[in-house]
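Listing of protein.tsv; format and content: TSV, C-alpha atoms and all ligand atoms.
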```tsv
chain	number	residue	atom	x	y	z
A	1	MET	CA	0.00	0.00	0.00
A	2	VAL	CA	1.39	3.43	-0.97
A	3	ILE	CA	0.04	6.35	1.06
A	4	LYS	CA	0.69	9.92	-0.05
A	5	LYS	CA	-0.31	13.39	1.20
A	6	TYR	CA	-1.15	16.26	-1.14
A	7	ILE	CA	-1.59	19.96	-0.30
A	8	VAL	CA	-3.93	21.33	-2.95
A	9	ASN	CA	-6.25	24.24	-3.60
A	10	ASN	CA	-9.33	22.15	-4.23
A	11	MET	CA	-10.60	18.61	-4.61
A	12	ASN	CA	-10.50	18.72	-8.41
A	13	GLU	CA	-6.77	19.42	-8.30
A	14	ALA	CA	-6.36	16.62	-5.75
A	15	LEU	CA	-8.27	14.10	-7.91
A	16	THR	CA	-6.27	15.02	-11.02
A	17	ARG	CA	-2.90	14.71	-9.22
A	18	ILE	CA	-3.84	11.52	-7.39
A	19	ARG	CA	-5.02	9.84	-10.58
A	20	TYR	CA	-1.89	10.98	-12.42
A	21	GLU	CA	0.57	9.92	-9.72
A	22	LEU	CA	-1.11	6.94	-8.06
A	23	GLY	CA	-3.40	5.76	-10.84
A	24	LYS	CA	-7.14	5.38	-11.08
A	25	GLU	CA	-7.32	2.76	-8.36
A	26	ALA	CA	-6.17	5.18	-5.69
A	27	ILE	CA	-8.64	6.08	-2.95
A	28	ILE	CA	-8.91	9.16	-0.79
A	29	ILE	CA	-8.57	8.24	2.87
A	30	SER	CA	-8.79	11.68	4.47
A	31	GLN	CA	-9.11	15.36	3.73
A	32	ARG	CA	-8.87	18.42	5.95
A	33	LYS	CA	-8.62	22.17	5.54
A	34	VAL	CA	-5.17	23.63	6.29
A	35	LYS	CA	-3.52	27.03	5.83
A	36	ARG	CA	-0.50	27.40	3.60
A	37	PRO	CA	2.35	29.10	5.45
A	38	GLY	CA	2.66	32.76	4.36
A	39	PHE	CA	5.09	35.60	4.95
A	40	LEU	CA	5.02	36.28	8.74
A	41	GLY	CA	1.58	34.76	8.75
A	42	PHE	CA	0.26	37.17	6.13
A	43	PHE	CA	-1.37	36.19	2.86
A	44	GLN	CA	-2.16	32.74	4.17
A	45	LYS	CA	-4.29	30.91	1.65
A	46	LYS	CA	-6.76	28.17	2.49
A	47	ALA	CA	-5.70	24.78	1.17
A	48	ILE	CA	-6.77	21.18	1.56
A	49	GLU	CA	-4.55	18.37	2.75
A	50	VAL	CA	-5.67	15.19	1.01
A	51	THR	CA	-4.29	11.77	1.87
A	52	ALA	CA	-4.65	9.09	-0.80
A	53	ALA	CA	-3.66	5.47	-0.91
A	54	VAL	CA	-3.22	2.77	-3.50
A	55	ASP	CA	-2.58	-0.92	-3.10
A	56	ASN	CA	0.54	-1.73	-5.14
A	57	SER	CA	0.71	-5.48	-4.51
A	58	GLU	CA	0.75	-6.45	-8.19
A	59	LYS	CA	-0.08	-10.15	-8.05
A	60	GLU	CA	-3.19	-9.80	-5.98
A	61	GLU	CA	-6.42	-9.81	-7.87
A	62	LYS	CA	-7.92	-6.31	-7.83
A	63	LYS	CA	-10.97	-6.07	-5.58
A	64	PRO	CA	-11.86	-2.36	-5.30
A	65	LEU	CA	-14.91	-2.91	-3.11
A	66	GLU	CA	-13.04	-5.09	-0.61
A	67	ASP	CA	-10.18	-2.59	-0.59
A	68	GLY	CA	-12.72	0.14	0.05
A	69	ILE	CA	-14.15	-1.68	3.05
A	70	GLU	CA	-10.63	-2.04	4.50
A	71	VAL	CA	-10.05	1.70	4.06
A	72	ILE	CA	-13.43	2.55	5.61
A	73	LYS	CA	-12.45	0.49	8.66
A	74	LYS	CA	-9.18	2.43	8.90
A	75	ILE	CA	-10.89	5.79	8.64
A	76	VAL	CA	-13.39	4.91	11.33
A	77	GLN	CA	-10.52	3.73	13.56
A	78	LYS	CA	-8.48	6.88	12.83
A	79	ASN	CA	-11.32	9.23	13.65
A	80	GLN	CA	-12.67	7.46	16.73
A	81	ASP	CA	-10.40	9.50	19.00
A	82	GLU	CA	-11.36	12.72	17.31
A	83	ASP	CA	-15.13	12.53	17.84
A	84	LYS	CA	-15.91	13.84	14.36
A	85	GLU	CA	-19.05	12.08	13.25
A	86	ASN	CA	-19.89	14.63	10.55
A	87	TYR	CA	-16.35	14.47	9.29
A	88	ILE	CA	-16.54	10.69	8.93
A	89	TYR	CA	-19.87	10.96	7.17
A	90	LYS	CA	-18.45	13.40	4.62
A	91	GLU	CA	-15.34	11.28	4.13
A	92	LEU	CA	-17.48	8.23	3.45
A	93	GLN	CA	-19.62	10.12	0.94
A	94	GLU	CA	-16.47	11.31	-0.89
A	95	MET	CA	-15.12	7.77	-0.85
A	96	LYS	CA	-18.33	6.31	-2.15
A	97	LEU	CA	-18.25	8.70	-5.12
A	98	MET	CA	-14.62	7.87	-5.76
A	99	MET	CA	-15.23	4.13	-5.49
A	100	ASP	CA	-18.21	4.31	-7.84
A	101	LYS	CA	-15.93	5.96	-10.37
A	102	ILE	CA	-13.20	3.38	-9.91
A	103	VAL	CA	-15.69	0.53	-10.31
A	104	ARG	CA	-17.12	2.18	-13.44
A	105	GLY	CA	-13.54	2.59	-14.75
A	106	GLU	CA	-13.94	6.33	-15.27
A	107	GLY	CA	-11.09	8.78	-15.01
A	108	ASP	CA	-8.66	7.85	-17.79
A	109	GLN	CA	-10.02	10.42	-20.18
A	110	GLU	CA	-10.31	13.08	-17.53
A	111	GLU	CA	-6.55	12.94	-16.95
A	112	LYS	CA	-5.95	13.87	-20.55
A	113	ASN	CA	-8.17	16.96	-20.41
A	114	PRO	CA	-7.95	18.79	-17.08
A	115	LEU	CA	-10.68	21.23	-18.10
A	116	GLN	CA	-13.19	18.43	-18.68
A	117	SER	CA	-12.00	16.84	-15.45
A	118	ILE	CA	-12.72	20.02	-13.46
A	119	LEU	CA	-16.19	20.36	-14.99
A	120	LYS	CA	-17.16	16.67	-14.78
A	121	ASN	CA	-16.56	16.62	-11.03
A	122	THR	CA	-19.06	19.41	-10.47
A	123	ASP	CA	-22.24	17.49	-11.40
A	124	LEU	CA	-23.17	20.31	-13.78
A	125	ASN	CA	-25.39	18.98	-16.55
A	126	ASP	CA	-23.93	18.26	-20.01
A	127	GLU	CA	-25.60	21.24	-21.63
A	128	ILE	CA	-24.03	23.66	-19.13
A	129	ILE	CA	-20.60	21.99	-19.47
A	130	LYS	CA	-20.84	22.35	-23.24
A	131	TYR	CA	-21.79	26.02	-22.89
A	132	ILE	CA	-18.89	26.76	-20.52
A	133	SER	CA	-16.40	24.92	-22.77
A	134	LYS	CA	-17.56	27.05	-25.70
A	135	GLU	CA	-17.66	30.36	-23.80
A	136	ILE	CA	-14.15	30.10	-22.36
A	137	ASN	CA	-12.77	30.11	-25.90
A	138	ASN	CA	-14.16	33.60	-26.32
A	139	ILE	CA	-12.23	34.96	-23.37
A	140	GLU	CA	-9.10	36.63	-24.70
A	141	GLU	CA	-7.53	37.53	-21.35
A	142	ASN	CA	-4.35	35.61	-20.65
A	143	ILE	CA	-5.52	33.81	-17.49
A	144	GLU	CA	-5.63	30.18	-16.34
A	145	SER	CA	-8.49	27.94	-17.52
A	146	ILE	CA	-9.95	27.71	-14.02
A	147	GLU	CA	-10.18	31.53	-13.85
A	148	LYS	CA	-11.96	31.55	-17.22
A	149	ILE	CA	-14.44	28.96	-15.96
A	150	LYS	CA	-15.06	31.17	-12.93
A	151	LEU	CA	-15.81	34.19	-15.13
A	152	VAL	CA	-18.32	32.22	-17.22
A	153	LEU	CA	-19.99	30.71	-14.16
A	154	LYS	CA	-20.35	34.12	-12.54
A	155	GLU	CA	-22.10	35.41	-15.65
A	156	MET	CA	-24.55	32.51	-15.48
A	157	ILE	CA	-25.51	32.88	-11.80
A	158	HIS	CA	-28.08	35.45	-10.71
A	159	THR	CA	-28.95	36.32	-7.13
A	160	SER	CA	-32.00	38.19	-5.82
A	161	LYS	CA	-32.43	41.56	-4.25
A	162	HIS	CA	-33.71	40.58	-0.83
A	163	LEU	CA	-37.23	41.68	-0.07
A	164	THR	CA	-37.65	41.12	3.63
A	165	GLU	CA	-40.88	43.07	3.82
A	166	GLY	CA	-44.36	42.51	2.43
A	167	LYS	CA	-45.99	39.21	1.59
A	168	ILE	CA	-43.55	36.35	1.04
A	169	VAL	CA	-44.88	33.01	-0.29
A	170	LEU	CA	-43.01	29.70	-0.45
A	171	VAL	CA	-44.09	26.95	-2.87
A	172	GLY	CA	-42.49	23.67	-3.91
A	173	PRO	CA	-42.56	19.88	-3.78
A	174	THR	CA	-43.28	17.85	-0.66
A	175	GLY	CA	-40.58	17.59	1.96
A	176	VAL	CA	-38.08	20.05	0.44
A	177	GLY	CA	-38.07	22.19	3.59
A	178	LYS	CA	-40.68	24.94	2.96
A	179	THR	CA	-42.08	25.00	6.49
A	180	THR	CA	-38.63	24.82	8.07
A	181	THR	CA	-37.44	27.67	5.80
A	182	ILE	CA	-40.51	29.77	6.73
A	183	ALA	CA	-39.61	29.21	10.40
A	184	LYS	CA	-35.99	30.22	9.72
A	185	LEU	CA	-37.11	33.38	7.89
A	186	ALA	CA	-39.58	34.20	10.67
A	187	GLY	CA	-36.87	33.74	13.28
A	188	SER	CA	-34.41	35.90	11.41
A	189	LEU	CA	-36.93	38.70	10.71
A	190	ALA	CA	-38.78	38.72	14.04
A	191	LEU	CA	-36.10	37.77	16.55
A	192	ILE	CA	-32.97	39.23	14.95
A	193	GLN	CA	-34.22	42.12	12.79
A	194	LYS	CA	-37.06	42.89	15.27
A	195	LYS	CA	-39.67	43.18	12.52
A	196	LYS	CA	-43.37	42.72	13.04
A	197	VAL	CA	-44.05	39.35	11.40
A	198	GLY	CA	-47.18	37.26	10.81
A	199	LEU	CA	-47.47	33.67	9.63
A	200	ILE	CA	-50.16	32.18	7.42
A	201	THR	CA	-50.45	28.60	6.23
A	202	ILE	CA	-52.59	27.24	3.45
A	203	ASP	CA	-51.12	23.93	4.44
A	204	THR	CA	-54.39	22.22	5.21
A	205	TYR	CA	-53.64	19.21	3.08
A	206	ARG	CA	-51.49	17.09	5.33
A	207	ILE	CA	-52.37	16.04	8.88
A	208	GLY	CA	-49.83	17.51	11.27
A	209	ALA	CA	-48.67	20.23	8.90
A	210	VAL	CA	-50.56	23.01	10.68
A	211	GLU	CA	-49.20	21.94	14.06
A	212	GLN	CA	-45.62	22.10	12.77
A	213	LEU	CA	-45.85	25.82	11.97
A	214	GLN	CA	-48.11	26.54	14.95
A	215	THR	CA	-45.35	25.22	17.23
A	216	TYR	CA	-42.77	27.57	15.70
A	217	ALA	CA	-45.25	30.49	15.89
A	218	ASP	CA	-45.88	29.78	19.59
A	219	ILE	CA	-42.17	29.56	20.41
A	220	MET	CA	-41.43	32.84	18.60
A	221	ASN	CA	-44.63	34.50	19.81
A	222	ILE	CA	-45.76	35.38	16.28
A	223	PRO	CA	-49.43	35.56	15.18
A	224	PHE	CA	-50.46	32.58	13.05
A	225	LYS	CA	-53.53	31.97	10.86
A	226	VAL	CA	-54.69	28.90	8.97
A	227	VAL	CA	-56.41	29.57	5.66
A	228	PHE	CA	-58.83	27.26	3.84
A	229	THR	CA	-60.64	29.52	1.34
A	230	GLN	CA	-60.08	32.74	-0.58
A	231	LYS	CA	-62.31	34.53	1.94
A	232	ASP	CA	-60.16	33.25	4.85
A	233	MET	CA	-57.11	34.49	3.00
A	234	GLU	CA	-58.60	37.96	2.60
A	235	GLU	CA	-59.46	38.12	6.31
A	236	ALA	CA	-56.06	36.81	7.44
A	237	LEU	CA	-54.19	39.32	5.28
A	238	ASP	CA	-56.47	42.11	6.50
A	239	SER	CA	-55.79	41.23	10.14
A	240	MET	CA	-52.03	41.55	9.46
A	241	LYS	CA	-52.10	44.57	7.17
A	242	ASP	CA	-49.92	46.76	9.39
A	243	TYR	CA	-47.21	44.06	9.72
A	244	ASP	CA	-43.74	44.45	8.21
A	245	ALA	CA	-43.72	40.94	6.75
A	246	ILE	CA	-46.29	38.18	6.26
A	247	LEU	CA	-44.79	34.76	5.57
A	248	ILE	CA	-47.08	32.32	3.78
A	249	ASP	CA	-46.44	28.55	3.79
A	250	THR	CA	-48.06	26.18	1.32
A	251	THR	CA	-48.54	22.43	1.14
A	252	GLY	CA	-46.16	20.39	-0.96
A	253	ARG	CA	-48.28	19.36	-3.95
A	254	SER	CA	-47.37	17.10	-6.77
A	255	SER	CA	-46.41	19.40	-9.62
A	256	LYS	CA	-47.77	16.72	-11.95
A	257	ASN	CA	-51.25	17.25	-10.52
A	258	ALA	CA	-52.54	20.27	-12.44
A	259	MET	CA	-55.73	20.35	-10.34
A	260	GLN	CA	-53.82	20.75	-7.07
A	261	ILE	CA	-51.61	23.41	-8.61
A	262	SER	CA	-54.58	25.40	-9.90
A	263	GLU	CA	-56.26	25.26	-6.44
A	264	LEU	CA	-53.09	26.67	-4.96
A	265	ARG	CA	-52.88	29.29	-7.67
A	266	MET	CA	-56.32	30.70	-6.81
A	267	LEU	CA	-55.18	31.29	-3.22
A	268	ILE	CA	-51.84	32.73	-4.29
A	269	ASP	CA	-53.54	35.10	-6.74
A	270	LYS	CA	-55.55	36.42	-3.81
A	271	ILE	CA	-52.29	37.19	-1.95
A	272	ASN	CA	-51.23	39.43	-4.83
A	273	THR	CA	-47.48	39.57	-4.27
A	274	GLU	CA	-44.33	39.74	-6.39
A	275	ASN	CA	-42.41	37.77	-3.79
A	276	ILE	CA	-43.00	34.07	-4.52
A	277	HIS	CA	-40.11	31.65	-3.95
A	278	LEU	CA	-39.88	28.15	-5.42
A	279	VAL	CA	-38.17	25.89	-2.88
A	280	ILE	CA	-36.13	23.00	-4.33
A	281	SER	CA	-33.74	20.58	-2.66
A	282	SER	CA	-30.14	20.46	-3.91
A	283	THR	CA	-30.38	16.67	-3.73
A	284	ILE	CA	-32.86	16.57	-6.65
A	285	LYS	CA	-31.92	14.31	-9.58
A	286	ASN	CA	-30.82	16.24	-12.67
A	287	LYS	CA	-33.42	14.62	-14.86
A	288	ASP	CA	-36.29	15.70	-12.54
A	289	ILE	CA	-35.39	19.39	-12.40
A	290	ASN	CA	-37.16	20.53	-15.58
A	291	THR	CA	-40.37	18.60	-14.84
A	292	ILE	CA	-40.66	20.10	-11.35
A	293	ILE	CA	-39.96	23.62	-12.55
A	294	GLU	CA	-42.43	23.37	-15.43
A	295	GLY	CA	-45.06	22.06	-13.00
A	296	TYR	CA	-44.69	25.05	-10.67
A	297	LYS	CA	-44.50	27.74	-13.38
A	298	PRO	CA	-48.26	28.45	-13.28
A	299	LEU	CA	-47.76	29.74	-9.72
A	300	GLY	CA	-45.60	32.58	-11.06
A	301	PHE	CA	-42.60	32.14	-8.76
A	302	ASN	CA	-39.91	34.78	-9.23
A	303	ASN	CA	-37.13	33.56	-6.92
A	304	VAL	CA	-35.58	30.21	-6.08
A	305	ILE	CA	-34.54	28.89	-2.66
A	306	ILE	CA	-32.22	25.85	-2.70
A	307	THR	CA	-32.32	23.69	0.42
A	308	LYS	CA	-30.31	20.87	2.01
A	309	LEU	CA	-26.89	21.92	0.69
A	310	ASP	CA	-25.53	20.10	3.74
A	311	GLU	CA	-26.76	16.83	2.25
A	312	THR	CA	-24.66	16.91	-0.92
A	313	THR	CA	-20.94	17.02	-1.73
A	314	SER	CA	-21.14	18.30	-5.30
A	315	TYR	CA	-22.94	21.55	-5.85
A	316	GLY	CA	-23.52	21.69	-9.63
A	317	SER	CA	-27.23	21.21	-8.94
A	318	ILE	CA	-27.37	24.86	-7.82
A	319	LEU	CA	-26.64	26.06	-11.35
A	320	ASN	CA	-28.62	23.25	-12.98
A	321	ILE	CA	-31.69	24.43	-11.03
A	322	LEU	CA	-31.13	28.17	-11.63
A	323	GLN	CA	-30.56	27.69	-15.36
A	324	SER	CA	-33.73	25.66	-15.69
A	325	ALA	CA	-35.82	28.06	-13.57
A	326	LYS	CA	-34.36	31.22	-15.18
A	327	LYS	CA	-34.97	33.01	-11.87
A	328	PRO	CA	-32.48	34.35	-9.32
A	329	LEU	CA	-31.40	32.59	-6.14
A	330	SER	CA	-32.71	34.24	-2.98
A	331	TYR	CA	-31.59	31.92	-0.15
A	332	VAL	CA	-29.93	28.60	0.47
A	333	THR	CA	-30.39	26.41	3.52
A	334	VAL	CA	-27.64	24.30	5.02
A	335	GLY	CA	-29.20	22.26	7.82
A	336	GLN	CA	-32.18	21.75	10.10
A	337	SER	CA	-31.43	24.42	12.73
A	338	VAL	CA	-33.96	27.23	13.01
A	339	PRO	CA	-33.07	30.05	12.32
A	340	ASP	CA	-29.30	29.59	11.88
A	341	ASP	CA	-29.14	27.36	8.81
A	342	LEU	CA	-30.49	29.94	6.35
A	343	MET	CA	-27.92	31.79	4.22
A	344	ILE	CA	-27.63	34.42	1.51
A	345	MET	CA	-24.78	33.50	-0.84
A	346	SER	CA	-22.74	35.73	-3.13
A	347	LYS	CA	-21.93	34.71	-6.70
A	348	ASP	CA	-18.29	34.14	-5.71
A	349	GLU	CA	-19.30	31.82	-2.88
A	350	ILE	CA	-21.55	29.83	-5.21
A	351	VAL	CA	-18.82	29.53	-7.85
A	352	ASN	CA	-16.31	28.33	-5.23
A	353	LEU	CA	-18.78	25.71	-4.03
A	354	ILE	CA	-19.50	24.47	-7.55
A	355	LEU	CA	-15.80	24.16	-8.37
A	356	GLY	CA	-15.03	22.28	-5.17
A	357	GLU	CA	-12.92	25.10	-3.72
A	358	ASP	CA	-15.22	25.33	-0.74
A	359	SER	CA	-17.78	23.08	0.92
A	360	ILE	CA	-20.63	23.25	3.41
A	361	CYS	CA	-19.23	21.67	6.57
B	1	LIG	N1	-30.45	18.38	6.17
B	1	LIG	C1	-31.38	19.30	6.01
B	1	LIG	N2	-32.65	19.03	6.30
B	1	LIG	C2	-33.56	20.01	6.12
B	1	LIG	C3	-33.22	21.29	5.63
B	1	LIG	N3	-34.37	22.02	5.54
B	1	LIG	C4	-35.37	21.21	5.99
B	1	LIG	N4	-34.90	20.01	6.34
B	1	LIG	C5	-35.63	18.84	6.86
B	1	LIG	O1	-36.45	18.31	5.83
B	1	LIG	C6	-37.61	17.73	6.39
B	1	LIG	C7	-38.85	18.28	5.71
B	1	LIG	O2	-38.94	19.67	6.00
B	1	LIG	P1	-40.30	20.50	5.94
B	1	LIG	O3	-39.97	21.91	6.25
B	1	LIG	O4	-41.37	19.85	6.75
B	1	LIG	O5	-40.64	20.32	4.40
B	1	LIG	P2	-41.91	20.91	3.61
B	1	LIG	O6	-41.41	21.37	2.28
B	1	LIG	O7	-42.61	21.90	4.43
B	1	LIG	O8	-42.77	19.59	3.42
B	1	LIG	P3	-44.36	19.49	3.08
B	1	LIG	O9	-45.07	20.40	4.01
B	1	LIG	O10	-44.66	18.04	3.29
B	1	LIG	O11	-44.51	19.88	1.65
B	1	LIG	C8	-37.57	18.05	7.89
B	1	LIG	O12	-37.07	16.92	8.56
B	1	LIG	C9	-36.59	19.21	7.98
B	1	LIG	O13	-35.93	19.27	9.22
B	1	LIG	C10	-31.84	21.56	5.30
B	1	LIG	O14	-31.44	22.63	4.85
B	1	LIG	N5	-30.97	20.52	5.51
B	2	MG	MG	-44.59	21.97	5.12
```
Here is the file; what I need is its structure written in the form of C-alpha cells.
Ligand SMILES: Nc1nc2c(ncn2[C@@H]2O[C@H](COP(=O)(O)OP(=O)(O)OP(=O)(O)O)[C@@H](O)[C@H]2O)c(=O)[nH]1
Ligand SMILES: [Mg+2]
Amino acid sequence: MVIKKYIVNNMNEALTRIRYELGKEAIIISQRKVKRPGFLGFFQKKAIEVTAAVDNSEKEEKKPLEDGIEVIKKIVQKNQDEDKENYIYKELQEMKLMMDKIVRGEGDQEEKNPLQSILKNTDLNDEIIKYISKEINNIEENIESIEKIKLVLKEMIHTSKHLTEGKIVLVGPTGVGKTTTIAKLAGSLALIQKKKVGLITIDTYRIGAVEQLQTYADIMNIPFKVVFTQKDMEEALDSMKDYDAILIDTTGRSSKNAMQISELRMLIDKINTENIHLVISSTIKNKDINTIIEGYKPLGFNNVIITKLDETTSYGSILNILQSAKKPLSYVTVGQSVPDDLMIMSKDEIVNLILGEDSIC
C-alpha cells in the first residue's frame, strides 16, 4: 500500500494529481482544511490536505470494493479519537463517489483533459458543461483555464435583491423544507431584525402540517392563521395589514397534478405579491429538475430557494436548477437548525462551491 499526502487548492486538483501519480485505483482516505504558510503569517491561503492510498501489490487480484471496506475500517478507527461524526460521514460520501468511479472505470479520459475533469466533477449537466467549454474560448484575457471557468460561471448565476418586507410566499414539492425555511425566515426577521411578522399557512392538506408551523409560531410568539378559502385568505391578510412581513407557507403538492396546482394558484392570486419563492432541494436528480420547474411555473414564482446543501458534496445542482428556472437565487439552507441554517450566498461563494474550492461543513 502506498500512502501519499497532497496539499492542494481544491478537490478537483487533488483528484487530477492523485489519478496521475497513483493511478485510477487510488482512494482518498482523508481530507482536511489547512492554511498554507505565508510571509510572517500574512497572505495565508486556504488549502486542503488530502491523503490518498493505493494498493501496489501487483499479483493480488484487484478487488476495489473489498479494498474500500478495509479503508473505511481504517478511517473509522483513525477518527474514533477525534469525535468527528460529521467528518466521517463526509469522508465516506467522498469515498463512495470515488469508489463508484473506480468501479465504473472512469477517469482515464479526464486525466488527458484537465478542463473536462474540473467540470465533470461538479455534477453540472452536459448542456451547461458544453456552454462553458464554448464560452471560455471567447475569453481573450491571458488567465488560467480555471479563472476563465469562474468568469463564465459568474455570468450565469443570478442572485435576488432581498425583499424582507411585504408578503412572502413559499411553494415547492413535498418535503423540500418549505415550512422549516418559513420558520428560519420568521426567526431571522422577528427575533434578529425585530420586525413585526405574521405567519399564514394554506397547508391544510397534510395532517400535522398546521401543528408544525403553529409550534414555531408559539415559540417565537408570532401571530399565526390557517387559511382554507379565498375569503379566509382575505381576512387573514387584513388582520395583518400593518405588519412588516407576512410569511405564507403552502402544502407540498405534486407538480404533476394540475388540479392541485390550480387550487393553490387561486389562493396565491388572492395574496397578490411579487415575492413568490420556489423551494427545491439540492439533492434533486438532474433529470427531474425541468419537470418540477415546469409544473410550478403556473404559480408565477420569481425567486428560487435551494435547500439541504448540507446533504450533498457536489454543488452543480445549484446552477442546474437556476438555469432551468431562469430566476435568481434568494436563499440557500444548510441544515435543520432554526433560524441559523439559512444563508444568503454571493456569486463568488456559489462559484467556489460548484468548483469544489469550498464546501458546506
Ligand atoms: N439536512 C437538512 N434538512 C432540512 C433542511 N431544511 C429542511 N430540512 C428537513 O427536511 C424535512 C422536511 O422539511 P419540511 O420543512 O417539513 O418540508 P416541507 O417542504 O414543508 O414539506 P411538506 O409540508 O410536506 O410539503 C424536515 O425533517 C426538515 O428538518 C436543510 O437545509 N438541511
Ligand atoms: Mg410543510
Problem - atom CA of Asn286 of chain A to atom CA of Thr122 of chain A, straight-line distance in Å - result: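 Value for the atom CA of Thr122 of chain A-atom CA of Asn286 of chain A distance: 12.4 Å.
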Handout entry: Environment of ligand MG 2 (chain B) within 9 Å, counting all atoms listed in the file, reported as an MDAnalysis selection string
Key = chainID A and resid 174:180 182 201 203 206 209:210 212:213 249:252
Practice task
Kindly indicate which residue among A:Val171, A:Leu92, A:Met266, A:Ile132 lies nearest to Val304 of chain A, using all atoms listed in the file for the distances.
Solution key: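 Smallest distance to Val304 of chain A is found for A:Val171.
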Practice task
List every protein, DNA or RNA residue with an atom no more than 12 Å from (-17.6, 21.7, 1.8) in the file's coordinates, counting all atoms listed in the file, and format the result as a PyMOL selection string.
Solution key: chain A and resi 10-11+31-33+48+86-87+90-91+93-94+309-315+334+349-350+352-361
Exercise for the section: May I ask which of the residues A:Ile248, A:Met95, A:Leu15, A:Ala325 is the closest one to ligand LIG 1 (chain B), counting all atoms listed in the file? Expected result: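 Between A:Ile248, A:Met95, A:Leu15, A:Ala325, the residue approaching ligand LIG 1 (chain B) most closely is A:Ile248.
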Handout entry: Nearest candidate to ligand LIG 1 (chain B) (options A:Ser330, A:Asn290, A:Thr229, A:Thr181; using only C-alpha atoms and all ligand atoms)
Key =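 Smallest distance to ligand LIG 1 (chain B) is found for A:Thr181.
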Practice task
Go through A:Asp340, A:Glu13, A:Glu155, A:Asp348 one by one, measure the shortest atom-to-atom distance of each to Ile118 of chain A using only C-alpha atoms, and give the residue with the smallest value.
Solution key: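 Between A:Asp340, A:Glu13, A:Glu155, A:Asp348, the residue approaching Ile118 of chain A most closely is A:Glu13.
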Practice task
Would you mind telling me which residue in A:Ser317, A:Tyr20, A:Ile222, A:Asn9 lies nearest to Lys195 of chain A when using only C-alpha atoms?
Solution key: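 Going through A:Ser317, A:Tyr20, A:Ile222, A:Asn9 one by one, the smallest distance to Lys195 of chain A is for A:Ile222.
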Each side padded by 8 Å, which centre and which edge lengths in Å (one decimal) define the axis-aligned box around the listed atoms of ligand LIG 1 (chain B)? Give them as AutoDock Vina command-line options.
```
--center_x -37.8 --center_y 19.8 --center_z 5.4 --size_x 30.6 --size_y 21.7 --size_z 23.6
```
Exercise for the section: For each of A:Pro339, A:Gly316, A:Gly295, A:Gly172, take the minimum atom-to-atom distance to ligand LIG 1 (chain B), counting all atoms listed in the file, then give the residue where this is smallest. Expected result: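 Looking only at the distances to ligand LIG 1 (chain B), the closest residue turns out to be A:Gly172.
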Problem - Selection: 9 Å around Leu342 of chain A, all atoms listed in the file, excl. self and same-chain fewer than 3 positions, as a list in words - result: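 Residues near the query, excluding close chain neighbours: Thr181, Lys184, Leu185, Ser188, Thr307, Tyr331, Val332, Thr333, Val334, Gly335, Ser337, Val338 and Pro339 of chain A.
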Neighbouring residues of Asn320 of chain A were defined as those with any atom within 8 Å, considering only C-alpha atoms; residues of the same chain fewer than 2 positions away were excluded. Please report them as a PDB file with C-alpha atoms, keeping the file's coordinate frame.
```pdb
ATOM      1  CA  LEU A 124     -23.170  20.310 -13.780  1.00  0.00           C
ATOM      2  CA  ASN A 125     -25.390  18.980 -16.550  1.00  0.00           C
ATOM      3  CA  ILE A 128     -24.030  23.660 -19.130  1.00  0.00           C
ATOM      4  CA  ASN A 286     -30.820  16.240 -12.670  1.00  0.00           C
ATOM      5  CA  ILE A 289     -35.390  19.390 -12.400  1.00  0.00           C
ATOM      6  CA  GLY A 316     -23.520  21.690  -9.630  1.00  0.00           C
ATOM      7  CA  SER A 317     -27.230  21.210  -8.940  1.00  0.00           C
ATOM      8  CA  ILE A 318     -27.370  24.860  -7.820  1.00  0.00           C
ATOM      9  CA  LEU A 322     -31.130  28.170 -11.630  1.00  0.00           C
ATOM     10  CA  GLN A 323     -30.560  27.690 -15.360  1.00  0.00           C
ATOM     11  CA  SER A 324     -33.730  25.660 -15.690  1.00  0.00           C
TER      12      SER A 324
END
```
